[in-house]
Amino acid sequence: MKGIKRILIWSKKYIVFIILLLLLNFLLQWLYSYLPVFVQYAFKVLGYNEGSSTNLPTFLINWYKKAPDVLTTILLVSISMVVLQLIRSIMRFLSNYLQGYISQKLIYDMRIKLYSHIVDLPFSYHNNVDIGDLIQRSTSDIEQISNFISVQVVNFLSIFITVIIGAYQVASISVTLMLVSIVIVPITAISSIFYFRYCTKKFDEIEQSESKMTTTIQENVNAARVVRAFANEKYEFDKMDEINKEYSDKNLKFNTKMALFWGISDATVVLQYILTLGIGIYLARNNKLDLADIIASLLLMNMLVWPMRGLGRTIASFGKANVSANRVQEILTKKSEYEINGAKKPLITGDIEFKNVTFKFDDDERNLLNDISFKIKAGQTVALVGKTGAGKSTICNILVRFLEYQKGSVLINGVELKDIDKKYLRENIKYVLQNPFLFSKSVYDNIAISNKDISEEKVMAAAKTAAIHNEVVKFENGYKTIVGEKGTTLSGGQKQRVAIARMLITDSPVIIFDDSLSALDTQTDVLIRKALKLKDEKQTTIVITHRTTTAKEADLILVLDEGRIVASGTHAELLKQEGLYKELWGIQGELEKQFLEVLNRKEAA
């Protein structure tokens, strides 16, 4: 029941509305319980037994007695029932409106709370989580919780309110009939407890299966090109078919058990009606009840029997909500990356120093970085070169605090990195990833996304520096061209250049290219590097690259291997040393030389 407790805690903000909703439902059931009593009184009048007892308010009975004849009395009773139903209709409208209001407010609040928490979770968490599962928890699970609070909690309490009110009204007619009528209540309550336990277990399994299916769909939609490129449609279809069948089978098995439970509940209700009717007839034959009393009692049975039958459906919703609450809470209990944060906001110009920095993931015994030390002066361009897995991206992820180093020290303008506020740090250090993400917006909006008020001239200037402007203006809609989800309508090189332009408009003192020039041809690579050098702003630039042709123009080149810096210096200095850099340059340098000769001839012409 921990999940249910959490839900009730989350709903505290709307406790006044929930209490008001419960009060309305209590009044609705209380007023409804008088409809059979009106019918009872009408039959008593028609049977000339008006003097016998009834539970109608005294002022109504006195009003009816003033009628000149029976027909007028029946008419007054009918008018009273219509007025009563009109009042109940207004109250039902208010009740439904409140339910909808509470539901939508809760969905909004919880979704924002969950979303903001997910956004603040550490980089390592997002690397290992299934997106489809997060989407499900942020949508269907939250809706289950909201439905539970706004509808099922009210229904659950209304069941007992209705039974108590119904029992009171039946007891006013016959205590014996009341006791017979509520025999089913403890039986239904006990069976519902076992049913709730079963539901909770099965819903947990079903939710996991649905999450697995959602993740599979999400992966296949995102990887549609890859699937087609390898003609792998049949394999993916068979995988989806298997997961879908597993989910359907679990639902079918559970629905069978639910149908059995409700079927038995219905049979119990019918037996209860038969038993009550039999006892009522027996009491009537012994002159302890009249026809009007029996009819009223049978009508009131709806308030005693059917609500308990509906308890099964409410219990099933409790089970769903309990599972959903635990799934949502599982994310909310994950520690935000901002629990470990600094408070300082120093002036950042681009002076960076790593001192004996060591890093490893918590679930790995192997260090990704071992005793890394280097200095970068403000305005310098530094290239990180090395084999895949050498630790190049890890250094940059530490620099923007996506990852937290265990040993050593990192200084930004002389201030310890861990003492600097993360958001402030990231405002001053911009990162262009190898696989940039573009939003389903126009090219212009994707470039200007970090600054909505930026001028059109600056957007175009950034695009020119990123060597994408000439291509964008050739699009049918120019900068208004929608790039599609994740930029699917653009080539890999175009996406990277849009991402570079997006970074350039920020004018941050430190910029990082995480192999983000890899999808560009050599000519475009050279054009961007030249444009960056001509920029007015003096920025510290860190470039992760596998191209020595890109690295050679850097002020400092760091060569990494297995998490260690094995060589450092300028291009000329490193060519004098035997090692990885010289080997790579031997392969790539000749191509660079030939290309530059061609480019220079074109410029001269």
# chains A, B, ... in the order shown; residues from 1 in each chain; ligands from 1
$ select_by_dssp --residues "segment 179-420 of chain A" --states "strand (DSSP E or B)" --output "MDAnalysis selection string"
chainID A and resid 344 352:359 369:376 381:386 407:412 415:416 420
$ residues_around --residues "Met240 of chain A" --least-positions-apart "2" --cutoff "12 Å" --atoms "only C-alpha atoms" --output "CSV table (one decimal) with N, CA and C atoms, in the first residue's frame"
chain,number,residue,atom,x,y,z
A,209,SER,N,5.4,-5.5,-19.2
A,209,SER,CA,5.2,-6.0,-20.5
A,209,SER,C,4.9,-4.9,-21.5
A,210,GLU,N,4.0,-4.0,-21.1
A,210,GLU,CA,3.6,-2.9,-21.9
A,210,GLU,C,4.8,-1.9,-22.1
A,212,LYS,N,7.9,-2.8,-22.1
A,212,LYS,CA,8.8,-3.4,-23.1
A,212,LYS,C,8.3,-3.3,-24.5
A,213,MET,N,7.0,-3.4,-24.7
A,213,MET,CA,6.4,-3.2,-26.0
A,213,MET,C,6.5,-1.7,-26.5
A,214,THR,N,6.3,-0.8,-25.6
A,214,THR,CA,6.4,0.6,-26.0
A,214,THR,C,7.8,1.0,-26.4
A,215,THR,N,8.8,0.4,-25.6
A,215,THR,CA,10.2,0.7,-26.0
A,215,THR,C,10.6,0.1,-27.3
A,216,THR,N,10.0,-1.1,-27.6
A,216,THR,CA,10.3,-1.7,-28.9
A,216,THR,C,9.8,-0.9,-30.1
A,217,ILE,N,8.5,-0.4,-29.9
A,217,ILE,CA,7.9,0.4,-30.9
A,217,ILE,C,8.8,1.7,-31.1
A,218,GLN,N,9.1,2.3,-30.0
A,218,GLN,CA,9.9,3.6,-30.1
A,218,GLN,C,11.2,3.4,-30.8
A,219,GLU,N,11.9,2.3,-30.5
A,219,GLU,CA,13.2,2.0,-31.1
A,219,GLU,C,13.1,1.7,-32.6
A,220,ASN,N,12.0,1.0,-33.0
A,220,ASN,CA,11.9,0.7,-34.4
A,220,ASN,C,11.5,1.9,-35.2
A,221,VAL,N,10.7,2.8,-34.6
A,221,VAL,CA,10.3,4.0,-35.3
A,221,VAL,C,11.5,4.9,-35.5
A,233,GLU,N,13.3,-6.1,-41.8
A,233,GLU,CA,11.9,-5.8,-41.4
A,233,GLU,C,11.3,-7.1,-40.8
A,234,LYS,N,11.5,-8.2,-41.3
A,234,LYS,CA,10.9,-9.5,-40.9
A,234,LYS,C,11.3,-9.8,-39.4
A,235,TYR,N,12.6,-9.6,-39.2
A,235,TYR,CA,13.1,-9.9,-37.8
A,235,TYR,C,12.4,-9.0,-36.8
A,236,GLU,N,12.4,-7.7,-37.1
A,236,GLU,CA,11.8,-6.7,-36.2
A,236,GLU,C,10.3,-6.9,-36.1
A,237,PHE,N,9.6,-7.3,-37.2
A,237,PHE,CA,8.2,-7.6,-37.1
A,237,PHE,C,8.0,-8.8,-36.2
A,238,ASP,N,8.8,-9.9,-36.3
A,238,ASP,CA,8.6,-11.1,-35.5
A,238,ASP,C,8.9,-10.8,-34.0
A,242,GLU,N,6.1,-11.1,-31.1
A,242,GLU,CA,6.3,-11.9,-29.9
A,242,GLU,C,6.0,-11.1,-28.6
A,243,ILE,N,6.5,-9.8,-28.6
A,243,ILE,CA,6.3,-9.0,-27.4
A,243,ILE,C,4.8,-8.6,-27.3
A,244,ASN,N,4.2,-8.3,-28.4
A,244,ASN,CA,2.8,-7.9,-28.5
A,244,ASN,C,1.9,-9.1,-28.0
A,245,LYS,N,2.3,-10.3,-28.4
A,245,LYS,CA,1.5,-11.5,-28.0
A,245,LYS,C,1.7,-11.7,-26.5
A,246,GLU,N,2.9,-11.5,-26.0
A,246,GLU,CA,3.1,-11.7,-24.6
A,246,GLU,C,2.2,-10.7,-23.8
A,247,TYR,N,2.2,-9.5,-24.2
A,247,TYR,CA,1.4,-8.4,-23.6
A,247,TYR,C,-0.1,-8.8,-23.7
A,248,SER,N,-0.6,-9.2,-24.8
A,248,SER,CA,-2.0,-9.5,-25.0
A,248,SER,C,-2.4,-10.8,-24.2
$ atom_distance --atom1 "atom CA of Leu134 of chain A" --atom2 "atom CA of Glu339 of chain A"
21.4 Å
$ residues_around --residues "Thr276 of chain A" --least-positions-apart "6" --cutoff "12 Å" --atoms "only C-alpha atoms" --output "PDB file with all heavy atoms, in the first residue's frame"
ATOM      1  N   VAL A 170     -33.417   1.190   4.985  1.00  0.00           N
ATOM      2  CA  VAL A 170     -34.082  -0.123   5.074  1.00  0.00           C
ATOM      3  C   VAL A 170     -34.428  -0.430   6.525  1.00  0.00           C
ATOM      4  O   VAL A 170     -35.502  -0.983   6.835  1.00  0.00           O
ATOM      5  CB  VAL A 170     -33.189  -1.240   4.482  1.00  0.00           C
ATOM      6  CG1 VAL A 170     -33.833  -2.618   4.698  1.00  0.00           C
ATOM      7  CG2 VAL A 170     -32.962  -1.005   2.992  1.00  0.00           C
ATOM      8  N   SER A 174     -37.595  -2.083   8.107  1.00  0.00           N
ATOM      9  CA  SER A 174     -37.526  -3.356   8.834  1.00  0.00           C
ATOM     10  C   SER A 174     -36.073  -3.657   9.154  1.00  0.00           C
ATOM     11  O   SER A 174     -35.235  -3.776   8.245  1.00  0.00           O
ATOM     12  CB  SER A 174     -38.103  -4.493   7.989  1.00  0.00           C
ATOM     13  OG  SER A 174     -37.802  -5.745   8.575  1.00  0.00           O
ATOM     14  N   THR A 176     -34.992  -6.412  10.330  1.00  0.00           N
ATOM     15  CA  THR A 176     -34.731  -7.783   9.861  1.00  0.00           C
ATOM     16  C   THR A 176     -34.274  -7.767   8.400  1.00  0.00           C
ATOM     17  O   THR A 176     -33.283  -8.410   8.028  1.00  0.00           O
ATOM     18  CB  THR A 176     -35.997  -8.657  10.000  1.00  0.00           C
ATOM     19  OG1 THR A 176     -36.417  -8.648  11.349  1.00  0.00           O
ATOM     20  CG2 THR A 176     -35.703 -10.086   9.546  1.00  0.00           C
ATOM     21  N   LEU A 177     -35.009  -7.015   7.556  1.00  0.00           N
ATOM     22  CA  LEU A 177     -34.629  -6.920   6.147  1.00  0.00           C
ATOM     23  C   LEU A 177     -33.259  -6.271   5.982  1.00  0.00           C
ATOM     24  O   LEU A 177     -32.478  -6.649   5.105  1.00  0.00           O
ATOM     25  CB  LEU A 177     -35.673  -6.111   5.371  1.00  0.00           C
ATOM     26  CG  LEU A 177     -36.865  -6.857   4.785  1.00  0.00           C
ATOM     27  CD1 LEU A 177     -37.728  -5.913   3.963  1.00  0.00           C
ATOM     28  CD2 LEU A 177     -36.428  -8.033   3.925  1.00  0.00           C
ATOM     29  N   MET A 178     -32.967  -5.299   6.814  1.00  0.00           N
ATOM     30  CA  MET A 178     -31.672  -4.631   6.738  1.00  0.00           C
ATOM     31  C   MET A 178     -30.537  -5.609   7.028  1.00  0.00           C
ATOM     32  O   MET A 178     -29.543  -5.668   6.306  1.00  0.00           O
ATOM     33  CB  MET A 178     -31.626  -3.460   7.716  1.00  0.00           C
ATOM     34  CG  MET A 178     -30.333  -2.625   7.652  1.00  0.00           C
ATOM     35  SD  MET A 178     -29.022  -3.245   8.732  1.00  0.00           S
ATOM     36  CE  MET A 178     -29.699  -2.848  10.336  1.00  0.00           C
ATOM     37  N   LEU A 179     -30.705  -6.421   8.076  1.00  0.00           N
ATOM     38  CA  LEU A 179     -29.671  -7.392   8.437  1.00  0.00           C
ATOM     39  C   LEU A 179     -29.483  -8.438   7.341  1.00  0.00           C
ATOM     40  O   LEU A 179     -28.354  -8.834   7.028  1.00  0.00           O
ATOM     41  CB  LEU A 179     -30.040  -8.075   9.755  1.00  0.00           C
ATOM     42  CG  LEU A 179     -30.026  -7.166  10.994  1.00  0.00           C
ATOM     43  CD1 LEU A 179     -30.560  -7.914  12.215  1.00  0.00           C
ATOM     44  CD2 LEU A 179     -28.610  -6.658  11.265  1.00  0.00           C
ATOM     45  N   VAL A 180     -30.587  -8.858   6.726  1.00  0.00           N
ATOM     46  CA  VAL A 180     -30.509  -9.831   5.623  1.00  0.00           C
ATOM     47  C   VAL A 180     -29.795  -9.196   4.421  1.00  0.00           C
ATOM     48  O   VAL A 180     -28.985  -9.830   3.757  1.00  0.00           O
ATOM     49  CB  VAL A 180     -31.917 -10.319   5.219  1.00  0.00           C
ATOM     50  CG1 VAL A 180     -31.841 -11.142   3.937  1.00  0.00           C
ATOM     51  CG2 VAL A 180     -32.533 -11.125   6.338  1.00  0.00           C
ATOM     52  N   SER A 181     -30.085  -7.933   4.181  1.00  0.00           N
ATOM     53  CA  SER A 181     -29.541  -7.250   3.002  1.00  0.00           C
ATOM     54  C   SER A 181     -28.037  -7.059   3.078  1.00  0.00           C
ATOM     55  O   SER A 181     -27.348  -7.040   2.050  1.00  0.00           O
ATOM     56  CB  SER A 181     -30.218  -5.891   2.829  1.00  0.00           C
ATOM     57  OG  SER A 181     -31.607  -6.045   2.641  1.00  0.00           O
ATOM     58  N   ILE A 182     -27.498  -6.850   4.283  1.00  0.00           N
ATOM     59  CA  ILE A 182     -26.064  -6.559   4.393  1.00  0.00           C
ATOM     60  C   ILE A 182     -25.226  -7.808   4.655  1.00  0.00           C
ATOM     61  O   ILE A 182     -24.026  -7.699   4.911  1.00  0.00           O
ATOM     62  CB  ILE A 182     -25.801  -5.519   5.507  1.00  0.00           C
ATOM     63  CG1 ILE A 182     -26.200  -6.071   6.883  1.00  0.00           C
ATOM     64  CG2 ILE A 182     -26.489  -4.209   5.203  1.00  0.00           C
ATOM     65  CD1 ILE A 182     -25.783  -5.172   8.026  1.00  0.00           C
ATOM     66  N   VAL A 183     -25.851  -8.998   4.559  1.00  0.00           N
ATOM     67  CA  VAL A 183     -25.085 -10.238   4.736  1.00  0.00           C
ATOM     68  C   VAL A 183     -23.942 -10.313   3.720  1.00  0.00           C
ATOM     69  O   VAL A 183     -22.845 -10.798   4.016  1.00  0.00           O
ATOM     70  CB  VAL A 183     -26.021 -11.465   4.594  1.00  0.00           C
ATOM     71  CG1 VAL A 183     -25.211 -12.752   4.449  1.00  0.00           C
ATOM     72  CG2 VAL A 183     -26.918 -11.572   5.803  1.00  0.00           C
ATOM     73  N   ILE A 184     -24.214  -9.816   2.519  1.00  0.00           N
ATOM     74  CA  ILE A 184     -23.220  -9.905   1.442  1.00  0.00           C
ATOM     75  C   ILE A 184     -22.024  -8.991   1.655  1.00  0.00           C
ATOM     76  O   ILE A 184     -20.944  -9.226   1.104  1.00  0.00           O
ATOM     77  CB  ILE A 184     -23.899  -9.570   0.087  1.00  0.00           C
ATOM     78  CG1 ILE A 184     -22.967  -9.938  -1.066  1.00  0.00           C
ATOM     79  CG2 ILE A 184     -24.269  -8.105   0.017  1.00  0.00           C
ATOM     80  CD1 ILE A 184     -23.580  -9.718  -2.424  1.00  0.00           C
ATOM     81  N   VAL A 269     -25.183 -11.162  -6.087  1.00  0.00           N
ATOM     82  CA  VAL A 269     -26.174 -10.078  -6.017  1.00  0.00           C
ATOM     83  C   VAL A 269     -27.580 -10.621  -6.258  1.00  0.00           C
ATOM     84  O   VAL A 269     -28.535 -10.296  -5.545  1.00  0.00           O
ATOM     85  CB  VAL A 269     -25.829  -8.972  -7.045  1.00  0.00           C
ATOM     86  CG1 VAL A 269     -26.993  -8.011  -7.199  1.00  0.00           C
ATOM     87  CG2 VAL A 269     -24.586  -8.230  -6.604  1.00  0.00           C
ATOM     88  N   VAL A 270     -27.716 -11.457  -7.288  1.00  0.00           N
ATOM     89  CA  VAL A 270     -29.026 -12.031  -7.615  1.00  0.00           C
ATOM     90  C   VAL A 270     -29.540 -12.879  -6.453  1.00  0.00           C
ATOM     91  O   VAL A 270     -30.718 -12.800  -6.063  1.00  0.00           O
ATOM     92  CB  VAL A 270     -28.936 -12.871  -8.902  1.00  0.00           C
ATOM     93  CG1 VAL A 270     -30.248 -13.618  -9.143  1.00  0.00           C
ATOM     94  CG2 VAL A 270     -28.616 -11.980 -10.092  1.00  0.00           C
ATOM     95  N   TYR A 282     -42.238 -13.319   3.422  1.00  0.00           N
ATOM     96  CA  TYR A 282     -42.549 -13.996   4.691  1.00  0.00           C
ATOM     97  C   TYR A 282     -43.041 -12.983   5.737  1.00  0.00           C
ATOM     98  O   TYR A 282     -44.053 -13.221   6.427  1.00  0.00           O
ATOM     99  CB  TYR A 282     -41.293 -14.715   5.202  1.00  0.00           C
ATOM    100  CG  TYR A 282     -41.452 -15.265   6.596  1.00  0.00           C
ATOM    101  CD1 TYR A 282     -42.140 -16.458   6.835  1.00  0.00           C
ATOM    102  CD2 TYR A 282     -40.912 -14.567   7.696  1.00  0.00           C
ATOM    103  CE1 TYR A 282     -42.292 -16.936   8.140  1.00  0.00           C
ATOM    104  CE2 TYR A 282     -41.045 -15.044   8.979  1.00  0.00           C
ATOM    105  CZ  TYR A 282     -41.743 -16.236   9.202  1.00  0.00           C
ATOM    106  OH  TYR A 282     -41.897 -16.712  10.482  1.00  0.00           O
ATOM    107  N   LEU A 283     -42.359 -11.846   5.836  1.00  0.00           N
ATOM    108  CA  LEU A 283     -42.764 -10.820   6.802  1.00  0.00           C
ATOM    109  C   LEU A 283     -44.122 -10.218   6.437  1.00  0.00           C
ATOM    110  O   LEU A 283     -44.940  -9.902   7.319  1.00  0.00           O
ATOM    111  CB  LEU A 283     -41.708  -9.707   6.870  1.00  0.00           C
ATOM    112  CG  LEU A 283     -40.342 -10.114   7.458  1.00  0.00           C
ATOM    113  CD1 LEU A 283     -39.332  -8.977   7.304  1.00  0.00           C
ATOM    114  CD2 LEU A 283     -40.482 -10.502   8.938  1.00  0.00           C
ATOM    115  N   ILE A 294     -42.279  -3.555   1.038  1.00  0.00           N
ATOM    116  CA  ILE A 294     -41.488  -4.514   0.247  1.00  0.00           C
ATOM    117  C   ILE A 294     -40.933  -3.848  -1.005  1.00  0.00           C
ATOM    118  O   ILE A 294     -39.752  -4.018  -1.349  1.00  0.00           O
ATOM    119  CB  ILE A 294     -42.349  -5.744  -0.125  1.00  0.00           C
ATOM    120  CG1 ILE A 294     -42.730  -6.511   1.138  1.00  0.00           C
ATOM    121  CG2 ILE A 294     -41.599  -6.650  -1.095  1.00  0.00           C
ATOM    122  CD1 ILE A 294     -43.668  -7.675   0.896  1.00  0.00           C
ATOM    123  N   ILE A 295     -41.784  -3.076  -1.696  1.00  0.00           N
ATOM    124  CA  ILE A 295     -41.324  -2.387  -2.917  1.00  0.00           C
ATOM    125  C   ILE A 295     -40.200  -1.415  -2.593  1.00  0.00           C
ATOM    126  O   ILE A 295     -39.173  -1.365  -3.281  1.00  0.00           O
ATOM    127  CB  ILE A 295     -42.509  -1.643  -3.586  1.00  0.00           C
ATOM    128  CG1 ILE A 295     -43.517  -2.656  -4.139  1.00  0.00           C
ATOM    129  CG2 ILE A 295     -42.003  -0.721  -4.690  1.00  0.00           C
ATOM    130  CD1 ILE A 295     -44.793  -2.041  -4.647  1.00  0.00           C
ATOM    131  N   ALA A 296     -40.362  -0.632  -1.525  1.00  0.00           N
ATOM    132  CA  ALA A 296     -39.333   0.326  -1.130  1.00  0.00           C
ATOM    133  C   ALA A 296     -38.029  -0.394  -0.755  1.00  0.00           C
ATOM    134  O   ALA A 296     -36.931   0.045  -1.107  1.00  0.00           O
ATOM    135  CB  ALA A 296     -39.819   1.176   0.033  1.00  0.00           C
ATOM    136  N   SER A 297     -38.162  -1.529  -0.048  1.00  0.00           N
ATOM    137  CA  SER A 297     -36.981  -2.298   0.364  1.00  0.00           C
ATOM    138  C   SER A 297     -36.222  -2.832  -0.844  1.00  0.00           C
ATOM    139  O   SER A 297     -34.982  -2.781  -0.894  1.00  0.00           O
ATOM    140  CB  SER A 297     -37.395  -3.454   1.274  1.00  0.00           C
ATOM    141  OG  SER A 297     -37.985  -2.973   2.463  1.00  0.00           O
ATOM    142  N   LEU A 298     -36.965  -3.346  -1.827  1.00  0.00           N
ATOM    143  CA  LEU A 298     -36.311  -3.866  -3.033  1.00  0.00           C
ATOM    144  C   LEU A 298     -35.614  -2.744  -3.809  1.00  0.00           C
ATOM    145  O   LEU A 298     -34.531  -2.939  -4.366  1.00  0.00           O
ATOM    146  CB  LEU A 298     -37.329  -4.578  -3.921  1.00  0.00           C
ATOM    147  CG  LEU A 298     -37.858  -5.920  -3.375  1.00  0.00           C
ATOM    148  CD1 LEU A 298     -38.943  -6.481  -4.282  1.00  0.00           C
ATOM    149  CD2 LEU A 298     -36.711  -6.929  -3.237  1.00  0.00           C
ATOM    150  N   LEU A 299     -36.249  -1.579  -3.862  1.00  0.00           N
ATOM    151  CA  LEU A 299     -35.611  -0.447  -4.534  1.00  0.00           C
ATOM    152  C   LEU A 299     -34.341  -0.001  -3.790  1.00  0.00           C
ATOM    153  O   LEU A 299     -33.330   0.354  -4.404  1.00  0.00           O
ATOM    154  CB  LEU A 299     -36.581   0.725  -4.643  1.00  0.00           C
ATOM    155  CG  LEU A 299     -37.762   0.542  -5.609  1.00  0.00           C
ATOM    156  CD1 LEU A 299     -38.731   1.707  -5.500  1.00  0.00           C
ATOM    157  CD2 LEU A 299     -37.268   0.405  -7.053  1.00  0.00           C
ATOM    158  N   LEU A 300     -34.394  -0.034  -2.479  1.00  0.00           N
ATOM    159  CA  LEU A 300     -33.236   0.356  -1.675  1.00  0.00           C
ATOM    160  C   LEU A 300     -32.121  -0.678  -1.727  1.00  0.00           C
ATOM    161  O   LEU A 300     -30.966  -0.382  -1.378  1.00  0.00           O
ATOM    162  CB  LEU A 300     -33.663   0.589  -0.222  1.00  0.00           C
ATOM    163  CG  LEU A 300     -34.435   1.890   0.041  1.00  0.00           C
ATOM    164  CD1 LEU A 300     -35.104   1.861   1.411  1.00  0.00           C
ATOM    165  CD2 LEU A 300     -33.503   3.100  -0.070  1.00  0.00           C
ATOM    166  N   MET A 301     -32.472  -1.887  -2.163  1.00  0.00           N
ATOM    167  CA  MET A 301     -31.439  -2.926  -2.295  1.00  0.00           C
ATOM    168  C   MET A 301     -30.327  -2.501  -3.248  1.00  0.00           C
ATOM    169  O   MET A 301     -29.181  -2.955  -3.124  1.00  0.00           O
ATOM    170  CB  MET A 301     -32.077  -4.229  -2.797  1.00  0.00           C
ATOM    171  CG  MET A 301     -32.740  -5.052  -1.700  1.00  0.00           C
ATOM    172  SD  MET A 301     -31.500  -5.804  -0.620  1.00  0.00           S
ATOM    173  CE  MET A 301     -30.801  -6.986  -1.742  1.00  0.00           C
ATOM    174  N   ASN A 302     -30.687  -1.641  -4.212  1.00  0.00           N
ATOM    175  CA  ASN A 302     -29.663  -1.129  -5.134  1.00  0.00           C
ATOM    176  C   ASN A 302     -28.532  -0.437  -4.381  1.00  0.00           C
ATOM    177  O   ASN A 302     -27.374  -0.460  -4.813  1.00  0.00           O
ATOM    178  CB  ASN A 302     -30.287  -0.132  -6.122  1.00  0.00           C
ATOM    179  CG  ASN A 302     -31.136  -0.818  -7.163  1.00  0.00           C
ATOM    180  OD1 ASN A 302     -30.821  -1.919  -7.594  1.00  0.00           O
ATOM    181  ND2 ASN A 302     -32.223  -0.185  -7.554  1.00  0.00           N
ATOM    182  N   LEU A 304     -27.514  -1.207  -1.403  1.00  0.00           N
ATOM    183  CA  LEU A 304     -26.819  -2.132  -0.512  1.00  0.00           C
ATOM    184  C   LEU A 304     -25.988  -3.165  -1.270  1.00  0.00           C
ATOM    185  O   LEU A 304     -24.912  -3.557  -0.823  1.00  0.00           O
ATOM    186  CB  LEU A 304     -27.828  -2.865   0.380  1.00  0.00           C
ATOM    187  CG  LEU A 304     -28.588  -1.997   1.383  1.00  0.00           C
ATOM    188  CD1 LEU A 304     -29.695  -2.801   2.043  1.00  0.00           C
ATOM    189  CD2 LEU A 304     -27.639  -1.460   2.439  1.00  0.00           C
ATOM    190  N   VAL A 305     -26.497  -3.601  -2.410  1.00  0.00           N
ATOM    191  CA  VAL A 305     -25.884  -4.724  -3.105  1.00  0.00           C
ATOM    192  C   VAL A 305     -24.982  -4.291  -4.256  1.00  0.00           C
ATOM    193  O   VAL A 305     -23.820  -4.679  -4.332  1.00  0.00           O
ATOM    194  CB  VAL A 305     -26.974  -5.692  -3.613  1.00  0.00           C
ATOM    195  CG1 VAL A 305     -26.331  -6.855  -4.356  1.00  0.00           C
ATOM    196  CG2 VAL A 305     -27.792  -6.214  -2.440  1.00  0.00           C
TER     197      VAL A 305
END
$ residues_around --residues "Ala316 of chain A" --least-positions-apart "3" --cutoff "12 Å" --atoms "only C-alpha atoms" --output "NGL selection string"
:A and (144 or 148 or 152 or 156 or 192-203 or 254-255 or 257-259 or 261-262 or 310-313 or 319-323)
$ write_last_selection --atoms "C-alpha atoms" --output "mmCIF file, in the first residue's frame"
data_model
loop_
_atom_site.group_PDB
_atom_site.id
_atom_site.type_symbol
_atom_site.label_atom_id
_atom_site.label_comp_id
_atom_site.auth_asym_id
_atom_site.auth_seq_id
_atom_site.Cartn_x
_atom_site.Cartn_y
_atom_site.Cartn_z
ATOM 1 C CA GLN A 144 -3.868 6.021 -13.741
ATOM 2 C CA PHE A 148 -7.494 6.951 -8.848
ATOM 3 C CA GLN A 152 -11.728 5.863 -7.583
ATOM 4 C CA PHE A 156 -14.467 3.757 -2.896
ATOM 5 C CA SER A 192 -12.108 -7.909 -2.626
ATOM 6 C CA ILE A 193 -9.001 -7.826 -0.413
ATOM 7 C CA PHE A 194 -7.702 -11.020 -2.029
ATOM 8 C CA TYR A 195 -8.698 -9.682 -5.440
ATOM 9 C CA PHE A 196 -6.744 -6.456 -4.793
ATOM 10 C CA ARG A 197 -3.578 -8.410 -3.971
ATOM 11 C CA TYR A 198 -3.969 -10.450 -7.132
ATOM 12 C CA CYS A 199 -4.604 -7.311 -9.229
ATOM 13 C CA THR A 200 -1.539 -5.507 -7.887
ATOM 14 C CA LYS A 201 0.753 -8.413 -8.756
ATOM 15 C CA LYS A 202 -0.713 -8.909 -12.240
ATOM 16 C CA PHE A 203 -0.823 -5.215 -13.094
ATOM 17 C CA PHE A 254 -6.097 -11.224 -16.274
ATOM 18 C CA ASN A 255 -9.379 -10.243 -17.968
ATOM 19 C CA LYS A 257 -9.948 -13.720 -13.883
ATOM 20 C CA MET A 258 -11.729 -10.355 -13.687
ATOM 21 C CA ALA A 259 -14.698 -11.728 -15.624
ATOM 22 C CA PHE A 261 -14.771 -12.376 -10.201
ATOM 23 C CA TRP A 262 -17.486 -10.108 -11.585
ATOM 24 C CA GLY A 310 -18.768 -2.391 -8.002
ATOM 25 C CA LEU A 311 -16.103 -2.710 -5.313
ATOM 26 C CA GLY A 312 -14.298 -5.227 -7.526
ATOM 27 C CA ARG A 313 -13.909 -2.718 -10.340
ATOM 28 C CA GLY A 319 -4.219 -2.121 -8.092
ATOM 29 C CA LYS A 320 -3.363 -0.219 -11.276
ATOM 30 C CA ALA A 321 -2.829 3.029 -9.382
ATOM 31 C CA ASN A 322 -0.656 1.308 -6.787
ATOM 32 C CA VAL A 323 1.630 -0.131 -9.469
#
$ closest_atom_pairs --of "segment 320-402 of chain A" --to "segment 575-586 of chain A" --cutoff "9 Å" --atoms "only C-alpha atoms" --output "Markdown table"
| residue | atom | partner | partner_atom | distance |
| --- | --- | --- | --- | --- |
| A:Val385 | CA | A:Tyr581 | CA | 7.8 |
| A:Gly386 | CA | A:Leu580 | CA | 7.8 |
| A:Lys387 | CA | A:Leu580 | CA | 9.0 |
$ residues_around --residues "Glu330 of chain A" --least-positions-apart "4" --cutoff "12 Å" --atoms "only C-alpha atoms" --output "PyMOL selection string"
chain A and resi 2-3+6+114+117-118+134+137+323-326+334-335
$ residues_around --residues "segment 389-402 of chain A" --least-positions-apart "4" --cutoff "10 Å" --atoms "only C-alpha atoms" --output "PyMOL selection string"
chain A and resi 122-124+337+341+352+354+357-360+367-370+372+383-385+410-412+417-418+420-423+425-431+433-434+512-515+542-545+558-565
$ select_by_dssp --residues "segment 322-365 of chain A" --states "helix (DSSP H, G or I)" --output "PyMOL selection string"
chain A and resi 322-332+337-339
$ closest_residue --among "A:Ala448, A:Ile500, A:Ile264, A:Val119" --to "Tyr338 of chain A" --atoms "only C-alpha atoms"
A:Val119
$ residues_around --residues "Ser158 of chain A" --least-positions-apart "3" --cutoff "8 Å" --atoms "only C-alpha atoms" --output "list of chain:residue names"
A:Leu22, A:Asn25, A:Phe26, A:Gln29, A:Val154, A:Asn155, A:Ile161, A:Thr162
$ write_last_selection --atoms "C-alpha atoms" --output "compact mmCIF listing (two decimals), in the first residue's frame"
# COMPACT_ATOMS: atom_id res chain seq x y z
CA LEU A 22 -16.86 13.63 -1.14
CA ASN A 25 -21.29 12.45 -3.33
CA PHE A 26 -22.58 11.93 0.20
CA GLN A 29 -26.51 9.27 -2.23
CA VAL A 154 -14.42 9.02 -4.30
CA ASN A 155 -16.07 5.84 -5.63
CA ILE A 161 -21.47 5.89 2.29
CA THR A 162 -24.15 4.44 0.02
